[in-house]
Amino acid sequence: MTDAFIVSEPVTAEPPRISINYRPKPGLGALVLKNIFLNFVTLFIYSFWAKTNVRKHIWSCVHIMDEPLEYTGRGIELALGFLIVIGFFLLPLVALQTAFQIFAVNEFIIFGVNLLILIVFTFLTGVAIYRARRYRLSRTLWRGIRGTLIGSAFTYGAVRFGFLLLQSASAMWTHPVAQVTLFSILTGDMRFGNRPFKFQGNSGPLYGPFAIFWFGTLVAIILIIIGIVVTASTGVFDGLIDVTGEEDIDVMAGVIATAALIAVIFLLAIPYIILRAFYTAAEISYLARGTRYEDVTFAMNATTGSLVKLVFLNGIIMLFTLGLAAPFVQQNLIRYLCERLSASGELDLASIQQSQAEMDQTGEGLAEVFDVDVF
Amino acid sequence: MSMSSNANATFRGHYYDGLTALSRRVIVRLSTNMLVISDADGVVTNWTYVGLTAPEPVSARKTTRLAHEEAKSARLVVEDPLFVPGVLSRAPQLSRAAAHKRSLVIASLCFLVALAMLATGYVVVSVAPQFVARLMPDSWRTSLGEQVEQQMVAGTPQCSTPEGLEAIAALEDRLSVGAALEETFTIKVYAFDFINAFALPGGTIVLSGELLQTQSSADAIAGVLAHEFGHILERDSETTLVRLLGISAITEAAFAGSSQMGSLVGDAAAFLTLMSYSRDAERRADEHAVELLEQAQIDYAGLLSFFEYVNETEDGAEESTLTALASSHPGLSERIESLKQVEPWPSHPALDEEQWAALQAICND
């Protein structure tokens with residue numbers, strides 16, 4: 001009998017545990033190969049659809065309370081967004097630079113205008129990050145409900161720009177406060193359906209880990225400089241510069257010197273990556289702890305070791321595939337977040353109603369042009 | 001569990017109405033005309049088969065998720081694999097094959113757009129630059145030429161002994177009066193230590209001191225100048241600049257935001273395109289040179305001897321400057337051959353010996 005399993009009212013008794021899982025499914029490799037082929041054949045015009053298909057795949061592997069996310073964006077939206085930005089920003093810029101050439105404009109004026117353009121574009125990078133995030137949230141569906149950002153992309157861009165200035169003036173020391181403030185803006189503006197996310201926290205607790213990162217990096221740089229000076233005194237770098245000015249260059253010495261230089265760069269990169277991972281682990285754990293959605297709280301179990309592993313793995317993938325396997329890098333990142341993010345509390349699903357925010361008709365053009373955001 | 005796999009079969013599923021995050025258990029019935037979704041209170045909604053869409057192609061191996069174009073956020077989830085054949089037979093657009101077909105249509109459209117872009121690109125780099133260069137006002141040309149000269153010269157001293165300048169003026173008179181040219185030319189010599197001559201936008205010709213030193217007669221210099229006049233008459237420098245601009249605009253637009261590989265391909269394409277055009281330009285400039293030399297009654301053997309000098313030095317030695325010169329003057333042997341085919345005309349030396357000596361010594365301030 002059909003009626004036997006029909007309940008008289010909607011099921012509201014959802015389990016209190018809020019599970020977040022990444023359940024990989026086959027097909028990403030084939031998708032990547034297909035995208036590479038079609039990108040080359042179509043002079044990368046297909047890339048907007050390629051990107052969309054990758055997102056559809058990765059999104060559908062993310063399960064929250066056993067229900068997958070769905071990416072509803074379309075390739076044509078990304079393509080139109082890109083065209084609009086090309087038309088409004090890049091072409092006028094090319095025209096302007098051409099005019100400078102033709103009319104031999106005074107160098108100071110060119111410098112001034114280019115400085116202004118740099119400022120505007122740096123500001124627009126923040127706008128781009130915000131708009132790209134809004135687009136992706138509005139194209140992410142879970143249980144038939146989509147997300148959005150309700151604030152102003154320009155406010156975010158302006159705050160981000162301000163912090164960039166402060167950051168360079170303060171030798172990075174405003175970094176934690178910048179991160180917390182920007183995250184707080186994004187999270188405060190974020191909605192899933194009609195319900196808001198909230199972030200509560202300040203940058204204070206991040207300054208301890210940040211100090212360790214900052215001074216640690218400084219010590220590493222100093223040690224490596226000492227290392228280089230000591231190594232150089234052995235004469236191993238002489239192959240790099242032909243100090244004698246003689247014609248026949250010792251190839252072997254050149255190889256050894258180049259290898260030594262690469263070793264030095266790696267030596268600097270390794271402590272930096274470890275120290276950076278240490279700080280980032282502290283930062284994302286702290287940011288997750290301060291975030292709420294209704295009665296749901298979050299925790300992120302990010303550790304230095306796991307982040308270092310992630311960075312190395314992704315670095316190797318990018319290096320050996322010349323960036324062509326970037327979707328696997330995206331998958332690793334999302335998977336990492338899903339595996340280490342946990343949520344607890346009760347979610348009143350009945351109270352979450354569809355977002356009434358207007359949907360952007362085009363997506364991510366600015367982000368595409370400024371090359372921000374991995375996704 | 002399926003109730004029946006035939007017409008009017010029903011299946012269990014759950015439904016998100018797209019208004020709240022609640023899921024409700026439903027019964028899905030595959031009626032003749034539409035998919036009927038009901039719960040205990042009765043029919044929730046009817047979805048026409050033609051309007052059905054699926055976030056992922058429907059297959060018996062996984063949970064079926066459906067949407068409908070009239071209720072974009074609503075989702076129907078049916079786990080029963082027996083639901084799949086029934087729904088696919090009524091809504092074939094949900095199948096993997098249909099998804100492949102759509103994907104193929106998109107890829108084909110992208111391919112067509114790429115072809116159209118290539119065609120536009122071809123026009124922008126082949127036909128259009130010359131057209132635009134000819135429309136360019138003289139003031140723009142002069143201004144561009146001054147900038148190029150400034151960058152190229154980069155502090156190298158200009159050679160200007162009074163006798164040398166007189167010799168240059170004499171050469172210019174011979175070449176342009178003979179041809180009754182409407183163009184005005186400015187010839188300058190700079191103390192470059194490599195052999196070359198350039199025609200700049202706006203009618204300026206730059207000769208290197210080394211060029212004057214190494215040639216055995218004024219006729220050779222007259223030949224080189226006549227060749228550069230040809231470039232100016234054809235607006236080749238202006239055309240190259242416009243073309244470069246077109247190529248950079250195209251690559252900028254085409255590869256902005258894509259991988260670095262893309263921009264590498266772009267740069268290589270830009271370079272190769274420019275190279276292939278400079279071959280044509282050289283051939284045309286040679287034709288002008290022959291015409292101008294004939295009208296000025298200067299022996300083309302001078303130009304021929306210059307070409308042969310470049311060719312031999314390139315073959316015999318490994319001077320990097322000459323290799324560079326030859327690379328921007330491709331097909332030299334072929335050009336030498338076609339110059340040899342030219343019928344000789346009555347001629348007399350481009351400059352007398354005294355003028356020629358003065359010209360060679362123009363850098364000896």
# chains A, B, ... in the order shown; residues from 1 in each chain; ligands from 1
$ residues_around --residues "stretch 350-357 of chain A" --least-positions-apart "2" --cutoff "10 Å" --atoms "only C-alpha atoms" --output "ChimeraX atom specification"
/A:10-12,138,144-150,191-196,294,347-348,359-360 /B:17-23,73
$ select_by_dssp --residues "stretch 70-199 of chain A" --states "helix (DSSP H, G or I)" --output "VMD selection string"
chain A and resid 75 to 102 107 to 138 153 to 169 175 to 189
$ closest_residue --among "B:Val44, B:Leu211, B:Val105, B:Thr32" --to "B:Ser89" --atoms "only C-alpha atoms"
B:Thr32
$ closest_atom_pairs --of "chain B" --to "chain A" --cutoff "7 Å" --atoms "only C-alpha atoms" --output "tab-separated table"
residue	atom	partner	partner_atom	distance
B:Tyr16	CA	A:Gly144	CA	5.6
B:Asp17	CA	A:Gly144	CA	6.7
B:Gly18	CA	A:Gly144	CA	4.4
B:Leu19	CA	A:Gln354	CA	4.8
B:Thr20	CA	A:Gln353	CA	4.2
B:Ala21	CA	A:Leu349	CA	5.2
B:Leu22	CA	A:Leu349	CA	5.4
B:Ser23	CA	A:Val11	CA	6.6
B:Arg24	CA	A:Pro10	CA	4.7
B:Arg25	CA	A:Ile6	CA	6.7
B:Val26	CA	A:Ile6	CA	6.9
B:Asp39	CA	A:Ile6	CA	6.3
B:Ala40	CA	A:Ser8	CA	5.2
B:Ser73	CA	A:Gly144	CA	5.1
B:Ala74	CA	A:Gly144	CA	5.4
B:Arg75	CA	A:Gly144	CA	6.0
B:Ala107	CA	A:Tyr46	CA	6.5
B:Cys110	CA	A:Thr42	CA	5.8
B:Phe111	CA	A:Thr42	CA	4.6
B:Ala114	CA	A:Thr42	CA	5.4
B:Trp140	CA	A:Ile102	CA	5.5
B:Ser143	CA	A:Ala104	CA	6.2
B:Leu144	CA	A:Ile102	CA	5.4
B:Ala249	CA	A:Val94	CA	6.8
B:Ala253	CA	A:Ile86	CA	6.6
B:Ala256	CA	A:Val369	CA	5.7
B:Gly257	CA	A:Val369	CA	4.8
$ closest_residue --among "B:Ser248, B:Asn364, B:Asn196, B:Gln151" --to "B:Phe306" --atoms "only C-alpha atoms"
B:Asn196
$ select_by_dssp --residues "stretch 85-255 of chain B" --states "strand (DSSP E)" --output "list in words"
Gln158, Cys159, Thr186, Ile187, Lys188, Val189, Tyr190, Ala197, Phe198, Ala199, Leu200, Thr204, Ile205, Val206, Leu207 and Ser208 of chain B
$ closest_residue --among "A:Met252, A:Val180, A:Ala259, A:Val54" --to "A:Lys34" --atoms "only C-alpha atoms"
A:Val54
$ atom_distance --atom1 "atom CA of A:Ala232" --atom2 "atom CA of A:Ile262"
13.8 Å
$ atom_distance --atom1 "atom CA of A:Ala277" --atom2 "atom CA of A:Thr303"
7.8 Å
$ decode --residues "stretch 194-209 of chain B" --atoms "all heavy atoms" --output "compact mmCIF listing (two decimals), in the first residue's frame"
# COMPACT_ATOMS: atom_id res chain seq x y z
N PHE B 194 77.03 48.27 -34.00
CA PHE B 194 76.56 47.13 -34.79
C PHE B 194 76.01 47.65 -36.11
O PHE B 194 75.74 48.85 -36.24
CB PHE B 194 75.48 46.34 -34.03
CG PHE B 194 74.35 47.18 -33.53
CD1 PHE B 194 73.30 47.54 -34.37
CD2 PHE B 194 74.33 47.64 -32.21
CE1 PHE B 194 72.26 48.32 -33.92
CE2 PHE B 194 73.29 48.43 -31.76
CZ PHE B 194 72.25 48.76 -32.61
N ILE B 195 75.86 46.73 -37.06
CA ILE B 195 75.43 47.15 -38.39
C ILE B 195 73.92 47.08 -38.48
O ILE B 195 73.35 45.99 -38.36
CB ILE B 195 76.04 46.22 -39.45
CG1 ILE B 195 77.57 46.30 -39.36
CG2 ILE B 195 75.55 46.58 -40.85
CD1 ILE B 195 78.26 45.26 -40.21
N ASN B 196 73.27 48.25 -38.66
CA ASN B 196 71.82 48.20 -38.87
C ASN B 196 71.30 49.54 -39.34
O ASN B 196 71.99 50.56 -39.24
CB ASN B 196 71.08 47.75 -37.60
CG ASN B 196 69.89 46.88 -37.97
OD1 ASN B 196 69.37 46.96 -39.07
ND2 ASN B 196 69.49 46.04 -37.04
N ALA B 197 70.10 49.52 -39.84
CA ALA B 197 69.40 50.74 -40.23
C ALA B 197 67.94 50.52 -39.90
O ALA B 197 67.43 49.42 -40.07
CB ALA B 197 69.58 50.98 -41.72
N PHE B 198 67.29 51.56 -39.37
CA PHE B 198 65.89 51.41 -39.01
C PHE B 198 65.07 52.54 -39.60
O PHE B 198 65.53 53.68 -39.66
CB PHE B 198 65.68 51.51 -37.49
CG PHE B 198 66.72 50.84 -36.66
CD1 PHE B 198 67.86 51.53 -36.25
CD2 PHE B 198 66.55 49.54 -36.24
CE1 PHE B 198 68.82 50.92 -35.45
CE2 PHE B 198 67.50 48.92 -35.44
CZ PHE B 198 68.64 49.61 -35.05
N ALA B 199 63.85 52.21 -40.02
CA ALA B 199 62.89 53.25 -40.41
C ALA B 199 61.92 53.39 -39.26
O ALA B 199 61.35 52.40 -38.82
CB ALA B 199 62.17 52.83 -41.67
N LEU B 200 61.79 54.62 -38.75
CA LEU B 200 60.91 54.82 -37.59
C LEU B 200 59.60 55.47 -38.05
O LEU B 200 59.54 56.06 -39.12
CB LEU B 200 61.60 55.74 -36.58
CG LEU B 200 62.95 55.27 -36.06
CD1 LEU B 200 63.52 56.30 -35.09
CD2 LEU B 200 62.81 53.91 -35.38
N PRO B 201 58.56 55.37 -37.23
CA PRO B 201 57.32 56.04 -37.59
C PRO B 201 57.58 57.53 -37.78
O PRO B 201 58.43 58.11 -37.09
CB PRO B 201 56.42 55.80 -36.36
CG PRO B 201 56.98 54.60 -35.69
CD PRO B 201 58.45 54.63 -35.97
N GLY B 202 56.89 58.15 -38.72
CA GLY B 202 57.02 59.58 -38.93
C GLY B 202 58.11 59.96 -39.91
O GLY B 202 58.33 61.13 -40.17
N GLY B 203 58.83 59.00 -40.48
CA GLY B 203 59.76 59.30 -41.56
C GLY B 203 61.21 59.47 -41.16
O GLY B 203 62.02 59.96 -41.94
N THR B 204 61.57 59.08 -39.92
CA THR B 204 62.96 59.18 -39.52
C THR B 204 63.69 57.86 -39.83
O THR B 204 63.14 56.79 -39.59
CB THR B 204 63.07 59.47 -38.01
OG1 THR B 204 62.42 60.71 -37.77
CG2 THR B 204 64.52 59.56 -37.55
N ILE B 205 64.92 58.01 -40.37
CA ILE B 205 65.72 56.82 -40.61
C ILE B 205 66.98 56.91 -39.76
O ILE B 205 67.63 57.96 -39.71
CB ILE B 205 66.11 56.71 -42.10
CG1 ILE B 205 64.85 56.44 -42.94
CG2 ILE B 205 67.13 55.60 -42.33
CD1 ILE B 205 65.04 56.64 -44.40
N VAL B 206 67.25 55.85 -39.04
CA VAL B 206 68.44 55.82 -38.19
C VAL B 206 69.45 54.85 -38.80
O VAL B 206 69.12 53.71 -39.08
CB VAL B 206 68.09 55.38 -36.76
CG1 VAL B 206 69.35 55.15 -35.92
CG2 VAL B 206 67.20 56.42 -36.08
N LEU B 207 70.68 55.35 -39.02
CA LEU B 207 71.75 54.48 -39.50
C LEU B 207 72.77 54.30 -38.38
O LEU B 207 72.97 55.21 -37.57
CB LEU B 207 72.47 55.11 -40.70
CG LEU B 207 71.62 55.45 -41.93
CD1 LEU B 207 72.50 56.15 -42.97
CD2 LEU B 207 70.99 54.21 -42.52
N SER B 208 73.39 53.13 -38.33
CA SER B 208 74.43 52.95 -37.31
C SER B 208 75.78 53.36 -37.88
O SER B 208 76.02 53.20 -39.09
CB SER B 208 74.47 51.49 -36.85
OG SER B 208 75.02 50.67 -37.84
N GLY B 209 76.64 53.92 -37.04
CA GLY B 209 77.98 54.33 -37.46
C GLY B 209 78.74 53.15 -38.05
O GLY B 209 79.45 53.28 -39.05
